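S.K.: This structure is in structure tokens; I'll ask about it shortly.
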Protein chains: 2
Amino acid sequence: MIQLINRLATHETNFSSRLTRLVSWSADSDDSVQQTVKNILNDVRLNGDHALLTYTQQFDRFETASSETIHVSPERIDTALNAISPEQRHSLEAAAERIRLFHQKQVQKSWHYEELNGTRLGQQVRPLDSVGVYVPGGKAAYPSSVLMNVIPAKVAGVQQVTMVSPAMNGEVNDMVLAAAAISGVDDVCLVGGAQAVAALAYGTQSIAKVDKIVGPGNVYVAAAKREVFGVVGIDMIAGPSEILIICDGKTPADWIAMDLFSQAEHDEQAQAILISDDEAFLAQVEASIERLLPTMEREEIIRKSLADRGALILVNDLDEAIALSNQIAPEHLELSIDDPNAVLPKIKHAGAIFSGRYTPEAFGDYCAGPNHVLPTSGTARFSSPLGVYDFQKRSSVIHCSEQGADELARVASVLARGESLTAHARSAEYRLNDSKSSQ
Amino acid sequence: MIQLINRLATHETNFSSRLTRLVSWSADSDDSVQQTVKNILNDVRLNGDHALLTYTQQFDRFETASSETIHVSPERIDTALNAISPEQRHSLEAAAERIRLFHQKQVQKSWHYEELNGTRLGQQVRPLDSVGVYVPGGKAAYPSSVLMNVIPAKVAGVQQVTMVSPAMNGEVNDMVLAAAAISGVDDVCLVGGAQAVAALAYGTQSIAKVDKIVGPGNVYVAAAKREVFGVVGIDMIAGPSEILIICDGKTPADWIAMDLFSQAEHDEQAQAILISDDEAFLAQVEASIERLLPTMEREEIIRKSLADRGALILVNDLDEAIALSNQIAPEHLELSIDDPNAVLPKIKHAGAIFSGRYTPEAFGDYCAGPNHVLPTSGTARFSSPLGVYDFQKRSSVIHCSEQGADELARVASVLARGESLTAHARSAEYRLNDSKSSQ
């Protein structure tokens with residue numbers, strides 16, 4: 001019989017190697033994907049709309065795709081806003097409002113300061129001019145992904161947000177269009193795959209080049225984004241989604257089981273881990289998993305995810321749980337414990353922290369306010385949730401007074417000559433007060 | 001006869017295509033470099049120190065390289081601090097102090113806010129645990145690069161900064177070691193190339209794995225950083241350095257010529273462009289170039305850089321100059337004009353802005369305070385100077401009160417069901433005040 005979910009305990013001798021194996025994940029895409037993507041990128045770069053539309057007709061079976069029909073009309077968007085239920089409309093708007101409020105706190109402002117001699121230093125903060133947002137199409141439609149990627153860009157002040165999404169047979173999901181309208185997308189284009197990434201990166205006759213491309217996609221989209229990185233900016237390349245729950249055993253076992261499911265249902269590679277110092281509670285959660293699994297619509301996906309990559313981990317105490325979490329650096333961390341605030345300062349690496357028994361990860365996926373685009377596969381060690389920061393950029397500003405220039409010229413001259421860069425040195429020395437001495 | 005520098009004017013019919021050709025630059029590294037780098041990375045990942053030391057003995061002719069000798073001793077660092085001149089020591093310390101002061105203003109703090117129902121949202125800001133800084137070795141030694149990469153990491157609070165630098169025959173530059181000591185490097189390792197990047201990314205017996213790798217290097221180092229991106233964080237992959245000067249004709253022509261040289265002397269691919277609405281001034285600068293060039297130590301490099309990639313561009317007025325600058329999005333922008341402050345708000349894209357006639361780019365390279373690691377090749381459209389930001393990361397924090405959870409559960413449930421993610425919906429619904437209704 002196949003195990004329901006892996007059981008580990010830190011006191012076991014092989015714990016460390018089992019854990020390493022369990023959490024390891026590699027982003028390598030195979031060479032054939034890379035070659036296909038390179039060909040498509042090159043074709044669209046050279047042939048513009050012609051290539052873009054040919055691929056769209058071929059891959060998305062969108063036979064009437066043309067320079068005009070790939071742009072969604074305002075009428076079609078109005079239709080979508082009216083087609084969804086009032087409850088759905090309200091929920092999208094409520095989520096958008098909360099996301100907007102949170103992200104407004106992230107806006108960075110320009111600053112300057114002046115030194116005694118009149119020299120001024122600072123940094124000028126500006127929004128990006130234009131951004132492309134990739135929204136996956138196909139079976140699963142994710143309006144929440146539209147909100148999470150578009151709203152931070154709009155809060156930053158990005159003027160042009162172009163959304164691309166593949167439309168099988170030219171059909172597009174009403175909730176996705178509604179989310180685009182509510183979040184303020186400027187242009188919705190029904191193209192997808194590597195060809196859409198190429199259009200955004202290089203520009204075509206009907207799609208303007210953007211400065212940065214964000215949003216999730218399949219292996220072809222991910223490979224295309226990696227390839228155009230440098231021509232445009234990109235967000236992170238995401239791995240499978242993960243949750244790590246630390247629970248003291250006092251949250252209902254069914255709640256925790258369902259929280260694990262909510263991660264596992266994304267796909268078979270998703271990872272759901274529960275850590276507790278209460279062995280009896282781990283057994284209760286396993287029983288809940290067994291009982292609840294047959295009631296789930298995505299039972300097969302959840303079953304495989306839990307068996308392959310899920311784990312219940314027994315630890316000696318809460319401190320050991322925290323140390324493990326810091327080692328794993330999870331995308332989502334639930335602190336389902338009595339006093340989560342006391343633990344917060346000890347959390348070193350996590351994309352988002354869900355604090356307390358009443359904060360399931362699902363809130364963060366949709367409507368709590370913070371972004372649901374988060375660093376996966378341990379990259380929370382060095383990267384951050386998507387935010388307004390990703391849509392602003394800084395220019396350093398240096399303005400020297402004559403007196404300030406004299407002081408800096410002396411230091412720059414010595415250091416430049418130490419690096420044998422004499423043009424640097426002489427350029428600095430021209431700004432000495434008594435510059436004749438150095439010429 | 002070979003031209004000294006390209007002459008362009010916006011009123012000429014072929015201006016746009018000539019400019020495009022002039023500023024275009026591609027980062028593509030050839031396949032043989034990539035394959036060599038992949039082999040080295042793999043070897044060090046699998047064989048650790050043994051591979052690292054073998055490559056170091058082979059490529060750097062550092063025959064006594066061992067797990068011990070690659071670490072620079074505190075005694076060797078003291079020797080370096082005493083070997084440099086007092087003037088050099090003072091200049092390094094003065095530069096470090098100014099860089100530190102500027103970067104301290106960039107430190108981001110954690111923040112939280114509470115809603116009326118007791119729900120709390122925020123973000124927790126943390127330094128990265130460990131960072132690797134690559135410092136090129138060989139003929140050119142750049143202590144300024146040590147200061148610019150290490151100080152922001154230390155200001156962010158990074159505990160472990162490991163510097164790697166190739167040491168030909170085991171020899172290392174005193175100014176570089178002094179800069180390492182002054183900026184607070186924790187460990188200096190005499191290894192370089194792709195093998196050093198591999199050691200930092202994967203860890204070996206004698207070099208601990210880091211979370212992020214920054215710093216410039218040759219094509220092998222750049223390819224290696226690109227390859228390990230995702231395993232660790234990296235900074236940008238830099239192209240050739242560039243300057244764009246906007247001058248109204250009232251700065252001495254020799255100063256501007258030397259400012260152009262200070263960029264061109266970096267390497268033959270470096271780009272130096274002057275834009276002015278004063279045709280006579282452009283001719284004066286060309287005359288200065290011709291007269292000053294033979295006096296330069298790096299004459300040949302400067303001559304080739306200016307002939308291949310340099311330009312004097314005549315425009316109709318200042319506004320046209322600014323529009324051109326925004327189009328090019330230069331790494332360094334000098335505003336050598338009467339009232340640079342008035343122009344600042346119009347500058348949309350630039351890595352660093354040098355404002356006024358008394359602020360040559362060389363000040364920013366060494367000691368003004370802001371970072372000299374800047375976005376090149378037009379990437380200032382979407383990226384920023386290196387800063388403390390690059391060594392901090394954020395975790396979102398969500399803490400729901402019971403009342404807050406009830407409100408969020410309703411919204412999350414509707415949206416999750418709209419995406420057919422019912423485990424998400426049910427996980428949210430458990431947190432409804434009257435949760436029996438939904439089970």
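If you're wondering about the labels, chains in the structure tokens are A, B, ... by order shown, residues count from 1 in each chain, ligands from 1 in order shown.
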Give me the residues within 9 Å of A:Leu292 as a VMD selection string, counting only C-alpha atoms and dropping any in the same chain fewer than 6 places off.
M.R.: chain A and resid 254 257 to 258
S.K.: Show me, as a PyMOL selection string, the residues that have an atom within 12 Å of A:Pro385 when counting only C-alpha atoms, minus same-chain residues fewer than 3 positions from it.
M.R.: (chain A and resi 103+106+148-149+152+235-236+238+331-332+349-353+364+370-376+379-382+388-390) or (chain B and resi 123-125+393-397)
S.K.: Print the selection's residues with N, CA, C and O atoms to a file, as a short mmCIF file (atom, residue, chain, number, x, y, z; two decimals), in the first residue's frame.
M.R.:
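Written out: selection_34.cif:
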```
data_model
loop_
_atom_site.label_atom_id
_atom_site.label_comp_id
_atom_site.auth_asym_id
_atom_site.auth_seq_id
_atom_site.Cartn_x
_atom_site.Cartn_y
_atom_site.Cartn_z
N HIS A 103 -0.41 47.51 -0.67
CA HIS A 103 0.72 47.85 -1.55
C HIS A 103 1.02 49.35 -1.55
O HIS A 103 2.15 49.76 -1.82
N GLN A 106 3.93 50.39 0.36
CA GLN A 106 5.26 50.03 -0.15
C GLN A 106 5.86 51.10 -1.05
O GLN A 106 7.04 50.99 -1.42
N MET A 148 -2.98 40.29 -8.33
CA MET A 148 -1.71 40.32 -7.60
C MET A 148 -0.56 40.87 -8.44
O MET A 148 0.39 41.45 -7.91
N ASN A 149 -0.61 40.68 -9.76
CA ASN A 149 0.47 41.17 -10.61
C ASN A 149 0.24 42.60 -11.10
O ASN A 149 1.18 43.36 -11.28
N PRO A 152 0.12 46.02 -7.94
CA PRO A 152 1.38 46.68 -7.52
C PRO A 152 1.97 47.58 -8.61
O PRO A 152 2.53 48.63 -8.31
N ASP A 235 10.24 39.05 -13.36
CA ASP A 235 10.12 38.68 -11.95
C ASP A 235 10.82 37.34 -11.78
O ASP A 235 11.56 36.89 -12.65
N MET A 236 10.60 36.71 -10.67
CA MET A 236 11.29 35.44 -10.42
C MET A 236 10.74 34.33 -11.32
O MET A 236 9.66 34.43 -11.88
N ALA A 238 9.26 30.92 -10.89
CA ALA A 238 8.72 30.21 -9.72
C ALA A 238 8.81 28.70 -9.88
O ALA A 238 8.64 28.16 -10.96
N GLU A 331 7.99 29.06 1.12
CA GLU A 331 7.21 30.11 0.46
C GLU A 331 6.12 30.64 1.41
O GLU A 331 6.00 31.83 1.63
N HIS A 332 5.31 29.71 1.96
CA HIS A 332 4.25 30.06 2.91
C HIS A 332 4.56 29.39 4.25
O HIS A 332 4.82 28.19 4.28
N HIS A 349 13.69 33.32 7.36
CA HIS A 349 13.45 33.17 5.93
C HIS A 349 12.07 32.59 5.67
O HIS A 349 11.79 31.44 6.01
N ALA A 350 11.19 33.38 5.03
CA ALA A 350 9.87 32.88 4.62
C ALA A 350 9.29 33.92 3.66
O ALA A 350 9.50 35.13 3.85
N GLY A 351 8.59 33.47 2.63
CA GLY A 351 7.96 34.41 1.70
C GLY A 351 6.85 35.17 2.38
O GLY A 351 6.83 36.40 2.39
N ALA A 352 5.89 34.45 2.96
CA ALA A 352 4.80 35.09 3.71
C ALA A 352 4.54 34.27 4.97
O ALA A 352 4.61 33.04 4.95
N ILE A 353 4.25 34.98 6.06
CA ILE A 353 4.03 34.35 7.35
C ILE A 353 2.56 34.52 7.72
O ILE A 353 2.05 35.65 7.76
N GLY A 364 -4.18 34.66 2.10
CA GLY A 364 -3.10 35.37 1.43
C GLY A 364 -3.14 35.17 -0.08
O GLY A 364 -2.70 36.03 -0.84
N PRO A 370 -1.37 41.42 1.22
CA PRO A 370 -0.02 41.16 0.70
C PRO A 370 -0.05 40.31 -0.57
O PRO A 370 -1.05 39.66 -0.85
N ASN A 371 1.04 40.32 -1.30
CA ASN A 371 1.07 39.65 -2.59
C ASN A 371 1.14 38.13 -2.45
O ASN A 371 1.72 37.62 -1.51
N HIS A 372 0.55 37.43 -3.41
CA HIS A 372 0.67 35.96 -3.39
C HIS A 372 1.79 35.46 -4.31
O HIS A 372 2.03 34.26 -4.38
N VAL A 373 2.48 36.37 -4.99
CA VAL A 373 3.65 35.97 -5.77
C VAL A 373 4.85 36.00 -4.82
O VAL A 373 5.29 37.07 -4.39
N LEU A 374 5.35 34.80 -4.49
CA LEU A 374 6.30 34.67 -3.40
C LEU A 374 7.48 33.80 -3.82
O LEU A 374 7.34 32.96 -4.71
N PRO A 375 8.63 33.97 -3.16
CA PRO A 375 9.79 33.14 -3.51
C PRO A 375 9.60 31.69 -3.09
O PRO A 375 9.23 31.42 -1.96
N THR A 376 9.87 30.76 -4.02
CA THR A 376 9.70 29.32 -3.77
C THR A 376 11.06 28.62 -3.66
O THR A 376 12.10 29.23 -3.90
N THR A 379 14.23 30.03 -2.05
CA THR A 379 14.77 31.32 -2.50
C THR A 379 14.35 32.48 -1.59
O THR A 379 14.82 33.60 -1.76
N ALA A 380 13.47 32.19 -0.60
CA ALA A 380 13.16 33.23 0.40
C ALA A 380 14.41 33.58 1.20
O ALA A 380 14.42 34.58 1.92
N ARG A 381 15.47 32.79 1.08
CA ARG A 381 16.74 33.15 1.72
C ARG A 381 17.30 34.44 1.15
O ARG A 381 18.03 35.17 1.82
N PHE A 382 16.97 34.72 -0.12
CA PHE A 382 17.56 35.92 -0.74
C PHE A 382 16.57 36.73 -1.57
O PHE A 382 16.96 37.74 -2.15
N VAL A 388 5.46 46.67 -4.94
CA VAL A 388 5.58 47.93 -5.66
C VAL A 388 7.05 48.19 -6.03
O VAL A 388 7.35 48.74 -7.09
N TYR A 389 7.96 47.73 -5.15
CA TYR A 389 9.41 47.84 -5.38
C TYR A 389 9.81 47.33 -6.76
O TYR A 389 10.75 47.84 -7.37
N ASP A 390 9.13 46.28 -7.22
CA ASP A 390 9.50 45.65 -8.49
C ASP A 390 9.06 46.49 -9.69
O ASP A 390 9.42 46.16 -10.82
N GLN B 123 5.14 43.87 6.92
CA GLN B 123 6.25 43.12 6.34
C GLN B 123 7.46 43.20 7.24
O GLN B 123 7.76 44.24 7.84
N GLN B 124 8.11 42.06 7.38
CA GLN B 124 9.29 41.94 8.23
C GLN B 124 10.51 41.97 7.32
O GLN B 124 10.62 41.19 6.39
N VAL B 125 11.41 42.93 7.59
CA VAL B 125 12.59 43.09 6.74
C VAL B 125 13.81 42.51 7.46
O VAL B 125 14.01 42.76 8.65
N LYS B 393 15.73 41.44 2.57
CA LYS B 393 14.58 40.81 1.94
C LYS B 393 13.40 40.96 2.87
O LYS B 393 13.56 41.22 4.06
N ARG B 394 12.20 40.81 2.30
CA ARG B 394 10.97 41.03 3.06
C ARG B 394 10.19 39.72 3.21
O ARG B 394 10.19 38.91 2.29
N SER B 395 9.57 39.54 4.35
CA SER B 395 8.54 38.51 4.50
C SER B 395 7.23 39.23 4.80
O SER B 395 7.17 40.07 5.70
N SER B 396 6.17 38.90 4.06
CA SER B 396 4.86 39.47 4.39
C SER B 396 4.35 38.81 5.67
O SER B 396 4.61 37.63 5.91
N VAL B 397 3.63 39.58 6.48
CA VAL B 397 3.07 39.03 7.71
C VAL B 397 1.57 39.31 7.75
O VAL B 397 1.14 40.45 7.56
#
```
S.K.: Go through stretch 113-327 of chain B and collect every residue that DSSP, computed from the backbone, puts in helix (DSSP H, G or I); the answer should be as a PyMOL selection string.
M.R.: chain B and resi 143-156+168-170+174-183+193-202+219-228+253-264+279-295+299-309+318-327
S.K.: What parts of stretch 234-429 of chain A does DSSP call strand (DSSP E)? I'd like the answer as number ranges by chain.
M.R.: A: 234, 242-247, 271-276, 311-314, 332-336, 352-355, 392-399
S.K.: Using only C-alpha atoms, determine which residues lie at most 12 Å from A:Glu97, disregarding the query and same-chain residues fewer than 3 positions distant; provide the list as a list in words.
M.R.: His90, Ser91, Leu92, Glu93, Ala94, Arg100, Leu101, Phe102, His103, Gln104, Leu147, Met148, Ile151, Pro152, Val155, Ala179, Ile182, Ser183, Tyr366, Cys367, Ala368, Gly369 and Pro370 of chain A; Val411 of chain B
S.K.: Quick one: of B:Ala253, B:Ala196, B:Leu121, B:Ile245, who's nearest to chain A, counting only C-alpha atoms?
M.R.: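 Distance minimum relative to chain A lands on B:Leu121.
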S.K.: Quick one: distance from atom CA of A:Ala194 to atom CA of A:Ser165 in Å, one decimal?
M.R.: 11.3 Å
S.K.: One decimal, Å: what's the distance from atom CA of B:Gln58 over to atom CA of B:Lys225, could you say?
M.R.: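 Separating atom CA of B:Gln58 from atom CA of B:Lys225 is a distance of 21.0 Å.
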S.K.: Which residues are close to B:Gly249, i.e. within 8 Å by only C-alpha atoms, leaving aside same-chain residues fewer than 4 positions away? Reply as a list in words.
M.R.: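 Non-adjacent residues within range: Ala253, Ser276, Asp277, Asp278, Phe281, Leu282 and Ile337 of chain B.
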S.K.: Save the residues we just selected, C-alpha atoms, as a PDB file, in the first residue's frame?
M.R.:
```pdb
ATOM      1  CA  ALA B 253      35.877  71.776 -23.452  1.00  0.00           C
ATOM      2  CA  SER B 276      24.941  69.601 -27.094  1.00  0.00           C
ATOM      3  CA  ASP B 277      22.894  72.218 -28.919  1.00  0.00           C
ATOM      4  CA  ASP B 278      26.078  74.240 -29.471  1.00  0.00           C
ATOM      5  CA  PHE B 281      31.281  73.696 -28.655  1.00  0.00           C
ATOM      6  CA  LEU B 282      31.163  70.197 -30.157  1.00  0.00           C
ATOM      7  CA  ILE B 337      24.393  72.777 -17.694  1.00  0.00           C
TER       8      ILE B 337
END
```
S.K.: Just checking: using only C-alpha atoms, which residue out of A:Asp308, A:Asp31, A:Glu87, A:Asp186 ends up closest to chain B?
M.R.: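 Checking each of A:Asp308, A:Asp31, A:Glu87, A:Asp186 against chain B, counting only C-alpha atoms, the winner is A:Glu87.
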S.K.: May I ask which of the residues A:Glu265, A:Glu115, A:Asp187, A:Glu171 is the closest one to chain B, counting only C-alpha atoms?
M.R.: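 Under the stated criterion, the closest residue is A:Glu265.
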S.K.: Work out how far apart atom CA of A:Pro166 and atom CA of A:Ala95 are and give it in Å to one decimal.
M.R.: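 Atom CA of A:Ala95 lies 24.3 Å from atom CA of A:Pro166.
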S.K.: I want to know what sits within 12 Å of A:Gln35, based on only C-alpha atoms, with residues of the same chain fewer than 4 positions away left out; could you give that as a ChimeraX atom specification?
M.R.: /A:29-31,39-42,194,220,223-224,227
S.K.: Which residues are near B:Phe15? Cut-off 12 Å, only C-alpha atoms, ignore same chain within fewer than 6 positions. Put them as a list in words.
M.R.: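 Near neighbours after the sequence-gap exclusion: Asn6, Arg7, Leu8, Ala9, Arg21, Leu22, Ala311, Ile313, Leu314, Val315 and Leu324 of chain B.
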